[in-house]
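So this one's entry_15.pdb, PDB, C-alpha atoms, pLDDT in the B column:
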```
ATOM      1  CA  MET A   1       1.953  -9.057  10.020  1.00 82.00           C
ATOM      2  CA  THR A   2      -0.598 -11.761  10.535  1.00 93.00           C
ATOM      3  CA  VAL A   3      -0.363 -14.612  13.034  1.00 96.00           C
ATOM      4  CA  LEU A   4      -2.622 -17.607  12.518  1.00 97.00           C
ATOM      5  CA  ASP A   5      -2.978 -20.508  14.937  1.00 98.00           C
ATOM      6  CA  VAL A   6      -3.197 -23.422  12.509  1.00 97.00           C
ATOM      7  CA  SER A   7      -3.913 -25.885  15.318  1.00 96.00           C
ATOM      8  CA  LEU A   8      -7.251 -24.098  15.881  1.00 96.00           C
ATOM      9  CA  GLY A   9      -7.764 -22.651  12.425  1.00 97.00           C
ATOM     10  CA  LYS A  10      -8.123 -19.162  13.917  1.00 97.00           C
ATOM     11  CA  PRO A  11      -6.223 -15.874  14.162  1.00 98.00           C
ATOM     12  CA  ALA A  12      -3.849 -15.663  17.137  1.00 97.00           C
ATOM     13  CA  GLU A  13      -4.909 -12.654  19.219  1.00 97.00           C
ATOM     14  CA  GLY A  14      -2.526 -11.273  21.829  1.00 96.00           C
ATOM     15  CA  VAL A  15       0.853 -12.320  20.413  1.00 97.00           C
ATOM     16  CA  HIS A  16       3.555  -9.776  21.275  1.00 96.00           C
ATOM     17  CA  VAL A  17       5.554  -8.669  18.234  1.00 96.00           C
ATOM     18  CA  SER A  18       8.589  -6.419  17.866  1.00 94.00           C
ATOM     19  CA  LEU A  19      10.296  -5.003  14.803  1.00 92.00           C
ATOM     20  CA  GLN A  20      14.070  -4.608  14.963  1.00 92.00           C
ATOM     21  CA  GLN A  21      16.643  -3.255  12.526  1.00 91.00           C
ATOM     22  CA  PHE A  22      20.167  -4.548  11.969  1.00 87.00           C
ATOM     23  CA  SER A  23      22.906  -1.915  11.955  1.00 83.00           C
ATOM     24  CA  PRO A  24      26.596  -2.454  11.219  1.00 74.00           C
ATOM     25  CA  SER A  25      28.927  -2.303  14.213  1.00 65.00           C
ATOM     26  CA  SER A  26      32.699  -2.135  14.257  1.00 58.00           C
ATOM     27  CA  VAL A  27      32.767  -4.091  17.529  1.00 62.00           C
ATOM     28  CA  SER A  28      30.421  -7.053  17.031  1.00 64.00           C
ATOM     29  CA  GLY A  29      29.677  -6.876  13.320  1.00 64.00           C
ATOM     30  CA  THR A  30      25.974  -6.052  13.815  1.00 69.00           C
ATOM     31  CA  VAL A  31      23.714  -4.403  16.319  1.00 76.00           C
ATOM     32  CA  VAL A  32      19.977  -4.931  16.510  1.00 81.00           C
ATOM     33  CA  ASP A  33      18.001  -1.783  17.272  1.00 85.00           C
ATOM     34  CA  PRO A  34      14.427  -2.217  18.540  1.00 87.00           C
ATOM     35  CA  LEU A  35      12.086   0.002  16.539  1.00 88.00           C
ATOM     36  CA  LEU A  36       8.455  -0.787  17.319  1.00 88.00           C
ATOM     37  CA  PHE A  37       6.389  -3.058  19.551  1.00 92.00           C
ATOM     38  CA  SER A  38       2.810  -4.208  19.152  1.00 92.00           C
ATOM     39  CA  VAL A  39       0.332  -6.994  19.916  1.00 95.00           C
ATOM     40  CA  THR A  40      -1.810  -8.888  17.421  1.00 96.00           C
ATOM     41  CA  ASP A  41      -5.495  -7.962  17.343  1.00 95.00           C
ATOM     42  CA  ALA A  42      -8.595 -10.196  17.154  1.00 96.00           C
ATOM     43  CA  ASP A  43      -7.838 -10.850  13.462  1.00 96.00           C
ATOM     44  CA  GLY A  44      -4.254 -11.893  14.298  1.00 95.00           C
ATOM     45  CA  ARG A  45      -3.006  -8.743  12.581  1.00 92.00           C
ATOM     46  CA  CYS A  46      -0.346  -6.305  13.646  1.00 87.00           C
ATOM     47  CA  MET A  47      -0.695  -3.554  11.067  1.00 78.00           C
ATOM     48  CA  ALA A  48       1.182  -0.954  13.115  1.00 73.00           C
ATOM     49  CA  LEU A  49       4.585  -2.541  12.449  1.00 75.00           C
ATOM     50  CA  LEU A  50       4.765  -2.593   8.649  1.00 68.00           C
ATOM     51  CA  PRO A  51       1.735  -0.738   7.325  1.00 64.00           C
ATOM     52  CA  PRO A  52       1.452  -0.365   3.554  1.00 62.00           C
ATOM     53  CA  ARG A  53       2.720   3.066   2.484  1.00 63.00           C
ATOM     54  CA  ASP A  54      -0.052   5.629   2.094  1.00 66.00           C
ATOM     55  CA  SER A  55      -2.499   3.384   3.997  1.00 67.00           C
ATOM     56  CA  GLU A  56      -4.611   4.696   6.878  1.00 71.00           C
ATOM     57  CA  GLU A  57      -2.382   2.764   9.293  1.00 66.00           C
ATOM     58  CA  ALA A  58       0.741   4.454   7.903  1.00 63.00           C
ATOM     59  CA  LYS A  59      -0.904   7.871   8.197  1.00 66.00           C
ATOM     60  CA  GLN A  60      -1.767   7.168  11.849  1.00 66.00           C
ATOM     61  CA  ALA A  61       1.816   6.118  12.682  1.00 60.00           C
ATOM     62  CA  PRO A  62       4.014   8.520  10.682  1.00 53.00           C
ATOM     63  CA  GLN A  63       6.897   8.293  13.180  1.00 58.00           C
ATOM     64  CA  PHE A  64       8.363   5.330  11.306  1.00 67.00           C
ATOM     65  CA  GLN A  65       8.734   4.598   7.619  1.00 76.00           C
ATOM     66  CA  ILE A  66      10.653   1.479   6.679  1.00 82.00           C
ATOM     67  CA  ALA A  67      13.837   2.048   4.670  1.00 86.00           C
ATOM     68  CA  ALA A  68      15.999  -0.356   2.687  1.00 90.00           C
ATOM     69  CA  GLY A  69      17.944  -2.634   5.007  1.00 91.00           C
ATOM     70  CA  ILE A  70      17.881  -5.793   7.095  1.00 91.00           C
ATOM     71  CA  TYR A  71      15.225  -6.211   9.764  1.00 92.00           C
ATOM     72  CA  LYS A  72      14.005  -8.828  12.173  1.00 93.00           C
ATOM     73  CA  ILE A  73      10.538  -9.481  13.520  1.00 94.00           C
ATOM     74  CA  VAL A  74      10.324 -11.246  16.873  1.00 96.00           C
ATOM     75  CA  PHE A  75       7.062 -12.988  17.748  1.00 97.00           C
ATOM     76  CA  LYS A  76       6.433 -14.232  21.307  1.00 97.00           C
ATOM     77  CA  PRO A  77       3.722 -16.915  21.131  1.00 97.00           C
ATOM     78  CA  LYS A  78       4.418 -18.542  24.524  1.00 97.00           C
ATOM     79  CA  GLU A  79       1.992 -16.337  26.492  1.00 96.00           C
ATOM     80  CA  TYR A  80      -0.674 -16.769  23.808  1.00 97.00           C
ATOM     81  CA  PHE A  81      -0.517 -20.571  24.079  1.00 97.00           C
ATOM     82  CA  GLU A  82      -0.327 -20.512  27.885  1.00 96.00           C
ATOM     83  CA  LYS A  83      -3.535 -18.414  28.041  1.00 94.00           C
ATOM     84  CA  THR A  84      -5.315 -21.251  26.246  1.00 90.00           C
ATOM     85  CA  GLY A  85      -3.823 -23.952  28.483  1.00 95.00           C
ATOM     86  CA  ARG A  86      -1.338 -25.230  25.919  1.00 97.00           C
ATOM     87  CA  LYS A  87       2.408 -25.693  26.046  1.00 95.00           C
ATOM     88  CA  CYS A  88       4.690 -23.943  23.587  1.00 95.00           C
ATOM     89  CA  PHE A  89       7.975 -25.352  22.328  1.00 97.00           C
ATOM     90  CA  TYR A  90       9.085 -22.054  20.733  1.00 96.00           C
ATOM     91  CA  PRO A  91       8.898 -19.220  23.306  1.00 96.00           C
ATOM     92  CA  TRP A  92       9.877 -16.715  20.608  1.00 96.00           C
ATOM     93  CA  ILE A  93      10.261 -16.815  16.842  1.00 97.00           C
ATOM     94  CA  GLU A  94      12.741 -14.581  15.026  1.00 96.00           C
ATOM     95  CA  ILE A  95      12.317 -13.869  11.325  1.00 95.00           C
ATOM     96  CA  PRO A  96      15.066 -11.845   9.659  1.00 94.00           C
ATOM     97  CA  PHE A  97      14.251 -10.288   6.294  1.00 93.00           C
ATOM     98  CA  HIS A  98      15.801  -7.905   3.775  1.00 93.00           C
ATOM     99  CA  VAL A  99      13.921  -4.885   2.433  1.00 92.00           C
ATOM    100  CA  GLU A 100      15.294  -3.935  -0.966  1.00 92.00           C
ATOM    101  CA  ASN A 101      12.490  -1.632  -2.051  1.00 91.00           C
ATOM    102  CA  PRO A 102      10.755   0.175   0.829  1.00 84.00           C
ATOM    103  CA  ASP A 103       7.962   1.287  -1.522  1.00 83.00           C
ATOM    104  CA  GLU A 104       6.778  -2.323  -1.857  1.00 83.00           C
ATOM    105  CA  HIS A 105       4.301  -3.778   0.613  1.00 80.00           C
ATOM    106  CA  HIS A 106       5.946  -6.183   3.066  1.00 81.00           C
ATOM    107  CA  HIS A 107       3.576  -8.709   4.616  1.00 86.00           C
ATOM    108  CA  ILE A 108       5.062 -11.532   6.682  1.00 91.00           C
ATOM    109  CA  PRO A 109       2.451 -14.068   7.791  1.00 94.00           C
ATOM    110  CA  LEU A 110       3.311 -16.459  10.608  1.00 97.00           C
ATOM    111  CA  LEU A 111       1.511 -19.779  10.977  1.00 97.00           C
ATOM    112  CA  ILE A 112       1.908 -21.254  14.455  1.00 98.00           C
ATOM    113  CA  SER A 113       1.003 -24.303  16.486  1.00 97.00           C
ATOM    114  CA  PRO A 114       2.380 -25.301  19.882  1.00 97.00           C
ATOM    115  CA  TYR A 115       5.218 -27.322  18.303  1.00 97.00           C
ATOM    116  CA  SER A 116       5.806 -25.773  14.889  1.00 97.00           C
ATOM    117  CA  PHE A 117       5.767 -22.602  12.834  1.00 97.00           C
ATOM    118  CA  THR A 118       6.198 -21.518   9.232  1.00 97.00           C
ATOM    119  CA  THR A 119       6.342 -18.224   7.401  1.00 96.00           C
ATOM    120  CA  TYR A 120       6.544 -16.836   3.885  1.00 93.00           C
ATOM    121  CA  ARG A 121       6.526 -13.489   2.132  1.00 89.00           C
ATOM    122  CA  GLY A 122       2.895 -12.606   1.650  1.00 82.00           C
ATOM    123  CA  THR A 123       1.323 -10.134  -0.740  1.00 75.00           C
TER     124      THR A 123
END
```

Could you take the file, read its structure, and then write that structure out as structure tokens?
Amino acid sequence: MTVLDVSLGKPAEGVHVSLQQFSPSSVSGTVVDPLLFSVTDADGRCMALLPPRDSEEAKQAPQFQIAAGIYKIVFKPKEYFEKTGRKCFYPWIEIPFHVENPDEHHHIPLLISPYSFTTYRGT
């Protein structure tokens, strides 16, 4: 994960991020299970959530290896913007995504400003 503040042209340090997994449920259709929580570093990165397999980050956090399935990343930029004296229209941003091949690297950059955001599947 990488979060960039495009309004400043800088990485967004201190954004809270959580990784969640969708599971089927006979009652509601789906259940979202929280898996991991982290905060972006000075480079706007959050490598602990989806580290590339066999990377140093993955070796340091072996308790979780992503499997095929549907996941959601929740970013909470409101506190980040408030710390810099700016308002935030989107208090949290949810990005669902489908992992077909867990051996592939999954990088999901988030570009934010106080009143907009965009994302894409990175490399």

Nearest to A:Leu19 among A:Cys88, A:Val31, A:Leu4, A:Ile95, with distances taken over all atoms listed in the file: which residue is it?
A:Ile95

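Candidate residues A:Leu36, A:Met47, A:Thr2, A:Ile70 were compared for distance to A:Val99, and the nearest is A:Ile70, using all atoms listed in the file.
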
Skip A:Pro96 itself and residues of its chain fewer than 3 positions away, then list as a PyMOL selection string all residues within 10 Å of it, counting all atoms listed in the file.
chain A and resi 19-22+70-74+93

Local residues around (4.4, -18.2, 9.4), at most 10 Å away, using only C-alpha atoms, as an MDAnalysis selection string
chainID A and resid 1:6 93 95 108:113 116:122

Around stretch 63-77 of chain A, fit a box with edges along x, y and z, padding it by 5 Å on each side, then list its centre and edge lengths in Å to one decimal as AutoDock Vina command-line options.
```
--center_x 10.8 --center_y -4.3 --center_z 12.0 --size_x 24.2 --size_y 35.2 --size_z 28.6
```

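Every polymer residue reaching to within 10 Å of (8.8, 1.5, -1.1), counting only C-alpha atoms, appears in this list: Pro52, Arg53, Gln65, Ile66, Ala67, Ala68, Val99, Glu100, Asn101, Pro102, Asp103, Glu104, His105 and His106 of chain A.
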
Since we have the selection now, will you write its residues out, keeping C-alpha atoms, as a PDB file, keeping the file's coordinate frame?
```
ATOM      1  CA  PRO A  52       1.452  -0.365   3.554  1.00 62.00           C
ATOM      2  CA  ARG A  53       2.720   3.066   2.484  1.00 63.00           C
ATOM      3  CA  GLN A  65       8.734   4.598   7.619  1.00 76.00           C
ATOM      4  CA  ILE A  66      10.653   1.479   6.679  1.00 82.00           C
ATOM      5  CA  ALA A  67      13.837   2.048   4.670  1.00 86.00           C
ATOM      6  CA  ALA A  68      15.999  -0.356   2.687  1.00 90.00           C
ATOM      7  CA  VAL A  99      13.921  -4.885   2.433  1.00 92.00           C
ATOM      8  CA  GLU A 100      15.294  -3.935  -0.966  1.00 92.00           C
ATOM      9  CA  ASN A 101      12.490  -1.632  -2.051  1.00 91.00           C
ATOM     10  CA  PRO A 102      10.755   0.175   0.829  1.00 84.00           C
ATOM     11  CA  ASP A 103       7.962   1.287  -1.522  1.00 83.00           C
ATOM     12  CA  GLU A 104       6.778  -2.323  -1.857  1.00 83.00           C
ATOM     13  CA  HIS A 105       4.301  -3.778   0.613  1.00 80.00           C
ATOM     14  CA  HIS A 106       5.946  -6.183   3.066  1.00 81.00           C
TER      15      HIS A 106
END
```

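Here atom CA of A:Lys10 stands at a distance of 19.2 Å from atom CA of A:Phe89.
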
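Here atom CA of A:Phe75 stands at a distance of 18.5 Å from atom CA of A:Gly9.
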